[in-house]
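Heads up: the structure comes next, in C-alpha coordinates.
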Amino acid sequence: MKVLVTGSAGFIGNYVCQRLLARGDEVVGLDIVNDYYDVNLKEARLDRIKAHANYTEARILLEDREAIEKLFAEEKPQRVINLAAQAGVRYSLENPRAYIDSNIVGFLNLLEGCRSQQVEHLVYASSSSVYGTNTNMPFSVHDRVDHPISLYAASKRSNELMAHTYSHLFNIPSTGLRFFTVYGPWGRPDMALFLFTKAIVEGRPIDVFNDGNMKRAFTYVDDIVDGVIRLLDTVPTKNQNYDTDNPDPATSGSAPFRISNIGSDQCVSLMRYIEVLEENLGRKAEKNMLPMQAGDVQATWADVDDLKADINYHPTTTVEEGVANFVAWYKDFYGVK
(Lines give C-alpha, C1' and ligand atoms only; values in the text may rest on other atoms or scores of the structure.)
Protein backbone atom coordinates (compact mmCIF):
# COMPACT_ATOMS: atom_id res chain seq x y z
CA MET A 1 0.00 0.00 0.00
CA LYS A 2 0.99 3.64 -0.22
CA VAL A 3 1.70 5.27 3.15
CA LEU A 4 2.32 8.93 3.84
CA VAL A 5 4.80 9.26 6.71
CA THR A 6 5.32 12.74 8.11
CA GLY A 7 8.56 13.36 9.97
CA SER A 8 10.54 11.14 7.61
CA ALA A 9 13.81 12.87 8.59
CA GLY A 10 12.96 12.52 12.27
CA PHE A 11 14.14 9.86 14.68
CA ILE A 12 11.13 7.53 14.79
CA GLY A 13 9.77 8.52 11.37
CA ASN A 14 12.95 7.54 9.58
CA TYR A 15 12.94 4.07 11.14
CA VAL A 16 9.26 3.66 10.25
CA CYS A 17 9.98 4.57 6.62
CA GLN A 18 12.76 2.00 6.50
CA ARG A 19 10.53 -0.73 7.90
CA LEU A 20 7.68 0.02 5.47
CA LEU A 21 10.01 0.11 2.47
CA ALA A 22 11.65 -3.15 3.54
CA ARG A 23 8.30 -4.95 3.46
CA GLY A 24 7.36 -3.57 0.04
CA ASP A 25 5.12 -0.59 0.75
CA GLU A 26 5.30 2.67 -1.18
CA VAL A 27 6.28 5.55 1.12
CA VAL A 28 5.76 9.27 0.69
CA GLY A 29 8.03 10.94 3.23
CA LEU A 30 7.14 14.47 4.34
CA ASP A 31 9.64 16.58 6.25
CA ILE A 32 10.65 20.22 6.01
CA VAL A 33 14.06 19.41 7.62
CA ASN A 34 13.99 22.45 9.90
CA ASP A 35 16.86 23.52 12.16
CA TYR A 36 15.28 22.72 15.55
CA TYR A 37 18.31 20.44 15.85
CA ASP A 38 21.26 19.42 13.66
CA VAL A 39 20.17 19.44 10.01
CA ASN A 40 23.16 17.27 9.07
CA LEU A 41 21.84 14.47 11.25
CA LYS A 42 18.43 14.73 9.59
CA GLU A 43 19.98 14.66 6.12
CA ALA A 44 22.06 11.62 7.09
CA ARG A 45 18.88 9.84 8.16
CA LEU A 46 17.24 10.67 4.83
CA ASP A 47 20.27 9.28 3.00
CA ARG A 48 19.23 5.86 4.36
CA ILE A 49 15.93 5.89 2.47
CA LYS A 50 15.77 8.49 -0.30
CA ALA A 51 17.40 6.35 -3.01
CA HIS A 52 14.82 3.58 -2.58
CA ALA A 53 12.67 3.05 -5.67
CA ASN A 54 9.44 3.12 -3.64
CA TYR A 55 10.27 6.32 -1.76
CA THR A 56 8.98 9.79 -2.69
CA GLU A 57 10.24 12.85 -0.83
CA ALA A 58 8.08 15.88 0.00
CA ARG A 59 9.79 18.85 1.67
CA ILE A 60 6.84 20.92 2.79
CA LEU A 61 5.49 22.39 6.01
CA LEU A 62 2.59 20.71 7.75
CA GLU A 63 1.04 24.14 8.27
CA ASP A 64 1.17 24.94 4.54
CA ARG A 65 -2.48 24.24 3.76
CA GLU A 66 -2.27 24.45 -0.03
CA ALA A 67 0.84 22.28 -0.22
CA ILE A 68 -0.76 19.58 1.96
CA GLU A 69 -3.95 19.65 -0.10
CA LYS A 70 -1.92 19.25 -3.29
CA LEU A 71 0.15 16.41 -1.81
CA PHE A 72 -2.92 14.40 -0.84
CA ALA A 73 -4.58 15.04 -4.21
CA GLU A 74 -1.50 13.94 -6.19
CA GLU A 75 -0.22 11.05 -4.08
CA LYS A 76 -3.54 9.67 -2.78
CA PRO A 77 -2.06 7.80 0.20
CA GLN A 78 -4.09 4.88 1.52
CA ARG A 79 -2.82 5.28 5.07
CA VAL A 80 -1.08 8.05 6.99
CA ILE A 81 1.42 7.97 9.87
CA ASN A 82 1.89 11.42 11.39
CA LEU A 83 5.18 11.60 13.29
CA ALA A 84 6.03 15.20 12.42
CA ALA A 85 5.60 17.73 15.20
CA GLN A 86 7.32 20.45 17.09
CA ALA A 87 8.83 18.28 19.80
CA GLY A 88 10.20 18.96 23.25
CA VAL A 89 8.56 19.79 26.57
CA ARG A 90 11.13 22.38 27.65
CA TYR A 91 11.28 24.18 24.31
CA SER A 92 7.51 24.74 24.51
CA LEU A 93 8.18 27.21 27.33
CA GLU A 94 10.44 29.24 25.03
CA ASN A 95 8.60 29.12 21.70
CA PRO A 96 4.93 28.23 22.27
CA ARG A 97 3.71 29.45 18.88
CA ALA A 98 5.77 26.80 17.09
CA TYR A 99 3.62 24.15 18.79
CA ILE A 100 0.37 25.73 17.66
CA ASP A 101 1.62 26.10 14.07
CA SER A 102 2.92 22.55 13.65
CA ASN A 103 0.98 20.47 16.15
CA ILE A 104 -2.45 22.10 15.85
CA VAL A 105 -2.68 23.87 12.46
CA GLY A 106 -0.50 21.26 10.77
CA PHE A 107 -2.51 18.41 12.26
CA LEU A 108 -5.75 19.99 11.09
CA ASN A 109 -4.33 20.11 7.54
CA LEU A 110 -3.56 16.39 7.75
CA LEU A 111 -7.05 15.60 9.01
CA GLU A 112 -8.51 17.53 6.10
CA GLY A 113 -6.25 15.63 3.71
CA CYS A 114 -7.40 12.34 5.20
CA ARG A 115 -11.03 13.43 4.80
CA SER A 116 -10.57 14.48 1.18
CA GLN A 117 -9.05 11.12 0.21
CA GLN A 118 -11.04 8.95 2.65
CA VAL A 119 -7.81 7.53 4.07
CA GLU A 120 -8.13 3.98 5.40
CA HIS A 121 -6.30 4.65 8.66
CA LEU A 122 -4.60 7.62 10.33
CA VAL A 123 -1.95 6.77 12.90
CA TYR A 124 -0.52 9.76 14.74
CA ALA A 125 1.97 10.52 17.48
CA SER A 126 0.62 11.63 20.81
CA SER A 127 2.80 11.53 23.92
CA SER A 128 3.02 10.16 27.44
CA SER A 129 3.29 13.81 28.50
CA VAL A 130 -0.53 14.05 28.21
CA TYR A 131 -0.74 12.24 31.56
CA GLY A 132 0.44 15.47 33.17
CA THR A 133 -0.28 15.49 36.90
CA ASN A 134 -1.65 11.92 36.95
CA THR A 135 0.00 9.91 39.72
CA ASN A 136 -1.72 6.51 39.35
CA MET A 137 0.89 4.27 37.71
CA PRO A 138 1.44 2.59 35.40
CA PHE A 139 -0.31 5.18 33.20
CA SER A 140 -3.39 3.69 31.58
CA VAL A 141 -5.12 4.85 28.40
CA HIS A 142 -8.38 4.23 30.24
CA ASP A 143 -7.64 7.02 32.74
CA ARG A 144 -8.68 10.61 32.14
CA VAL A 145 -5.96 13.06 31.06
CA ASP A 146 -7.37 16.50 31.78
CA HIS A 147 -4.40 18.27 33.35
CA PRO A 148 -1.40 18.68 31.01
CA ILE A 149 1.47 20.75 32.42
CA SER A 150 3.18 21.90 29.22
CA LEU A 151 1.93 23.35 25.95
CA TYR A 152 3.55 20.43 24.16
CA ALA A 153 1.38 18.03 26.17
CA ALA A 154 -1.70 20.20 25.60
CA SER A 155 -1.09 20.18 21.84
CA LYS A 156 -0.82 16.39 21.81
CA ARG A 157 -4.00 15.97 23.84
CA SER A 158 -5.66 18.35 21.39
CA ASN A 159 -4.61 16.05 18.54
CA GLU A 160 -6.40 13.17 20.22
CA LEU A 161 -9.60 15.19 20.54
CA MET A 162 -9.38 16.48 16.98
CA ALA A 163 -8.81 12.96 15.66
CA HIS A 164 -11.87 11.67 17.49
CA THR A 165 -13.98 14.44 16.00
CA TYR A 166 -12.92 13.57 12.44
CA SER A 167 -13.32 9.85 13.13
CA HIS A 168 -16.85 10.53 14.37
CA LEU A 169 -17.90 12.97 11.64
CA PHE A 170 -16.20 11.42 8.61
CA ASN A 171 -15.63 7.78 9.62
CA ILE A 172 -11.83 8.07 9.39
CA PRO A 173 -10.25 5.31 11.51
CA SER A 174 -7.61 6.84 13.77
CA THR A 175 -5.07 5.57 16.28
CA GLY A 176 -3.22 7.86 18.69
CA LEU A 177 0.18 6.70 19.96
CA ARG A 178 1.30 7.83 23.40
CA PHE A 179 5.06 7.36 23.13
CA PHE A 180 7.21 6.84 26.23
CA THR A 181 10.82 8.17 26.16
CA VAL A 182 12.14 6.65 22.94
CA TYR A 183 15.90 6.22 22.56
CA GLY A 184 18.43 4.46 20.34
CA PRO A 185 20.85 4.99 17.42
CA TRP A 186 20.10 8.05 15.27
CA GLY A 187 18.23 9.58 18.22
CA ARG A 188 17.41 13.24 18.81
CA PRO A 189 20.23 15.50 20.08
CA ASP A 190 17.84 17.24 22.50
CA MET A 191 17.06 14.01 24.37
CA ALA A 192 18.82 12.98 27.58
CA LEU A 193 20.88 10.06 26.23
CA PHE A 194 22.33 12.13 23.40
CA LEU A 195 22.99 15.15 25.63
CA PHE A 196 24.62 13.01 28.32
CA THR A 197 26.80 11.12 25.85
CA LYS A 198 28.04 14.26 24.14
CA ALA A 199 28.84 15.98 27.44
CA ILE A 200 30.67 12.97 28.91
CA VAL A 201 32.71 12.45 25.73
CA GLU A 202 33.66 16.14 25.75
CA GLY A 203 34.52 16.11 29.46
CA ARG A 204 31.68 18.40 30.50
CA PRO A 205 29.24 17.92 33.39
CA ILE A 206 25.73 16.62 32.69
CA ASP A 207 22.60 18.35 33.98
CA VAL A 208 20.57 15.95 36.13
CA PHE A 209 17.16 17.37 36.99
CA ASN A 210 15.15 16.77 40.16
CA ASP A 211 18.45 15.68 41.78
CA GLY A 212 18.22 12.49 39.76
CA ASN A 213 14.92 11.37 41.31
CA MET A 214 13.32 10.61 37.96
CA LYS A 215 11.98 7.40 36.45
CA ARG A 216 11.09 6.72 32.85
CA ALA A 217 9.72 3.91 30.67
CA PHE A 218 12.77 4.10 28.40
CA THR A 219 11.80 2.37 25.14
CA TYR A 220 14.20 1.27 22.42
CA VAL A 221 13.36 2.57 18.96
CA ASP A 222 13.07 -0.89 17.32
CA ASP A 223 10.41 -1.87 19.86
CA ILE A 224 8.53 1.37 19.19
CA VAL A 225 8.60 0.90 15.42
CA ASP A 226 7.40 -2.68 15.74
CA GLY A 227 4.37 -1.38 17.65
CA VAL A 228 3.71 1.43 15.15
CA ILE A 229 3.66 -0.98 12.19
CA ARG A 230 1.47 -3.51 13.98
CA LEU A 231 -1.01 -0.79 14.87
CA LEU A 232 -0.99 0.60 11.32
CA ASP A 233 -2.06 -2.84 10.12
CA THR A 234 -4.81 -3.12 12.75
CA VAL A 235 -7.53 -0.66 11.80
CA PRO A 236 -9.74 0.35 14.75
CA THR A 237 -13.50 -0.02 14.75
CA LYS A 238 -16.26 1.38 16.91
CA ASN A 239 -16.37 -0.10 20.40
CA GLN A 240 -19.61 -2.08 20.39
CA ASN A 241 -19.46 -2.42 24.20
CA TYR A 242 -18.97 1.29 24.85
CA ASP A 243 -20.76 2.46 27.98
CA THR A 244 -21.86 6.08 27.70
CA ASP A 245 -22.46 6.22 31.46
CA ASN A 246 -18.84 5.17 32.07
CA PRO A 247 -17.01 6.37 28.96
CA ASP A 248 -13.66 4.85 28.07
CA PRO A 249 -11.22 7.58 26.96
CA ALA A 250 -9.24 5.09 24.86
CA THR A 251 -12.07 4.05 22.54
CA SER A 252 -15.37 5.33 21.16
CA GLY A 253 -18.85 4.02 20.61
CA SER A 254 -19.49 6.48 17.78
CA ALA A 255 -16.17 6.44 15.93
CA PRO A 256 -13.44 4.03 14.72
CA PHE A 257 -11.00 5.50 17.22
CA ARG A 258 -8.44 4.30 19.74
CA ILE A 259 -5.62 5.56 21.92
CA SER A 260 -2.64 3.32 22.69
CA ASN A 261 0.28 3.53 25.05
CA ILE A 262 3.37 2.43 23.18
CA GLY A 263 6.43 1.95 25.28
CA SER A 264 8.21 -0.30 27.73
CA ASP A 265 6.31 -1.62 30.71
CA GLN A 266 9.53 -1.47 32.73
CA CYS A 267 10.25 1.69 34.73
CA VAL A 268 13.96 2.55 35.04
CA SER A 269 15.51 5.20 37.26
CA LEU A 270 17.42 8.02 35.60
CA MET A 271 20.48 7.27 37.73
CA ARG A 272 20.54 3.65 36.51
CA TYR A 273 20.27 4.93 32.93
CA ILE A 274 23.30 7.14 33.54
CA GLU A 275 25.21 4.25 35.16
CA VAL A 276 24.69 2.08 32.08
CA LEU A 277 25.88 4.94 29.85
CA GLU A 278 29.00 5.42 32.00
CA GLU A 279 29.76 1.69 31.76
CA ASN A 280 29.53 1.76 27.96
CA LEU A 281 31.61 4.92 27.59
CA GLY A 282 34.17 3.75 30.15
CA ARG A 283 34.00 7.16 31.81
CA LYS A 284 32.30 8.62 34.87
CA ALA A 285 30.01 11.59 34.46
CA GLU A 286 30.40 14.77 36.45
CA LYS A 287 26.83 15.49 37.56
CA ASN A 288 25.30 18.92 37.93
CA MET A 289 22.30 18.21 40.20
CA LEU A 290 19.40 20.57 39.50
CA PRO A 291 15.77 21.01 40.61
CA MET A 292 12.81 19.82 38.55
CA GLN A 293 12.22 21.84 35.40
CA ALA A 294 8.87 23.48 34.70
CA GLY A 295 6.62 21.27 32.58
CA ASP A 296 8.49 18.07 33.45
CA VAL A 297 7.15 15.08 35.40
CA GLN A 298 8.91 12.93 37.97
CA ALA A 299 7.99 9.56 36.49
CA THR A 300 6.40 7.88 33.47
CA TRP A 301 5.45 4.23 33.30
CA ALA A 302 3.36 2.61 30.58
CA ASP A 303 0.52 0.14 30.98
CA VAL A 304 0.68 -1.74 27.66
CA ASP A 305 -1.59 -4.66 28.55
CA ASP A 306 -4.06 -3.65 25.81
CA LEU A 307 -1.32 -3.65 23.18
CA LYS A 308 -0.10 -7.06 24.32
CA ALA A 309 -3.62 -8.45 23.98
CA ASP A 310 -4.56 -6.66 20.75
CA ILE A 311 -1.41 -6.89 18.63
CA ASN A 312 0.89 -9.20 20.60
CA TYR A 313 3.19 -6.29 21.42
CA HIS A 314 6.13 -7.23 23.63
CA PRO A 315 9.02 -4.75 23.88
CA THR A 316 12.13 -6.86 24.50
CA THR A 317 15.18 -4.57 24.39
CA THR A 318 16.73 -3.91 27.80
CA VAL A 319 18.27 -0.57 28.71
CA GLU A 320 21.64 -2.32 28.88
CA GLU A 321 21.32 -3.52 25.26
CA GLY A 322 19.79 -0.31 23.94
CA VAL A 323 22.29 2.09 25.48
CA ALA A 324 25.18 -0.07 24.23
CA ASN A 325 23.76 0.11 20.70
CA PHE A 326 23.39 3.88 20.94
CA VAL A 327 26.95 4.40 22.18
CA ALA A 328 28.35 2.21 19.37
CA TRP A 329 26.40 4.25 16.81
CA TYR A 330 27.41 7.59 18.36
CA LYS A 331 31.11 6.71 18.31
CA ASP A 332 30.93 5.58 14.71
CA PHE A 333 28.84 8.51 13.47
CA TYR A 334 30.91 11.18 15.20
CA GLY A 335 34.29 9.46 14.95
CA VAL A 336 34.81 9.12 18.71
CA LYS A 337 37.71 6.88 19.70
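Labels for the C-alpha coordinates follow display order: chains A, B, ..., residues from 1 in each chain, ligands from 1.
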What lies within 8 Å of stretch 234-249 of chain A using only C-alpha atoms, ignoring chain neighbours under 4 positions off, as a list in words?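 Everything that qualifies: Glu120, His121, Val141, His142, Asp143, Arg144, Pro173, Ser174, Thr175, Arg230, Gly253, Ser254, Ala255, Pro256, Phe257, Arg258, Ile259 and Ile311 of chain A.
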Those of stretch 92-183 of chain A in DSSP alpha helix (DSSP H), formatted as a PyMOL selection string: chain A and resi 92-94+96-99+106-117+151-170
Pick out the residues sitting within 6 Å of stretch 209-216 of chain A, and hand them over as a PyMOL selection string; count only C-alpha atoms, and ignore anything fewer than 3 positions along from it in its own chain. chain A and resi 267-270+289-292+298-300
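Among A:Asn159, A:Leu122, A:Pro77, A:Ser129, the residue with the shortest atom-to-atom distance to A:Ile100, counting only C-alpha atoms, is A:Asn159.
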What is the distance between atom CA of A:Pro138 and atom CA of A:Arg178, in Å to one decimal?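 Going from atom CA of A:Pro138 over to atom CA of A:Arg178 covers 13.1 Å.
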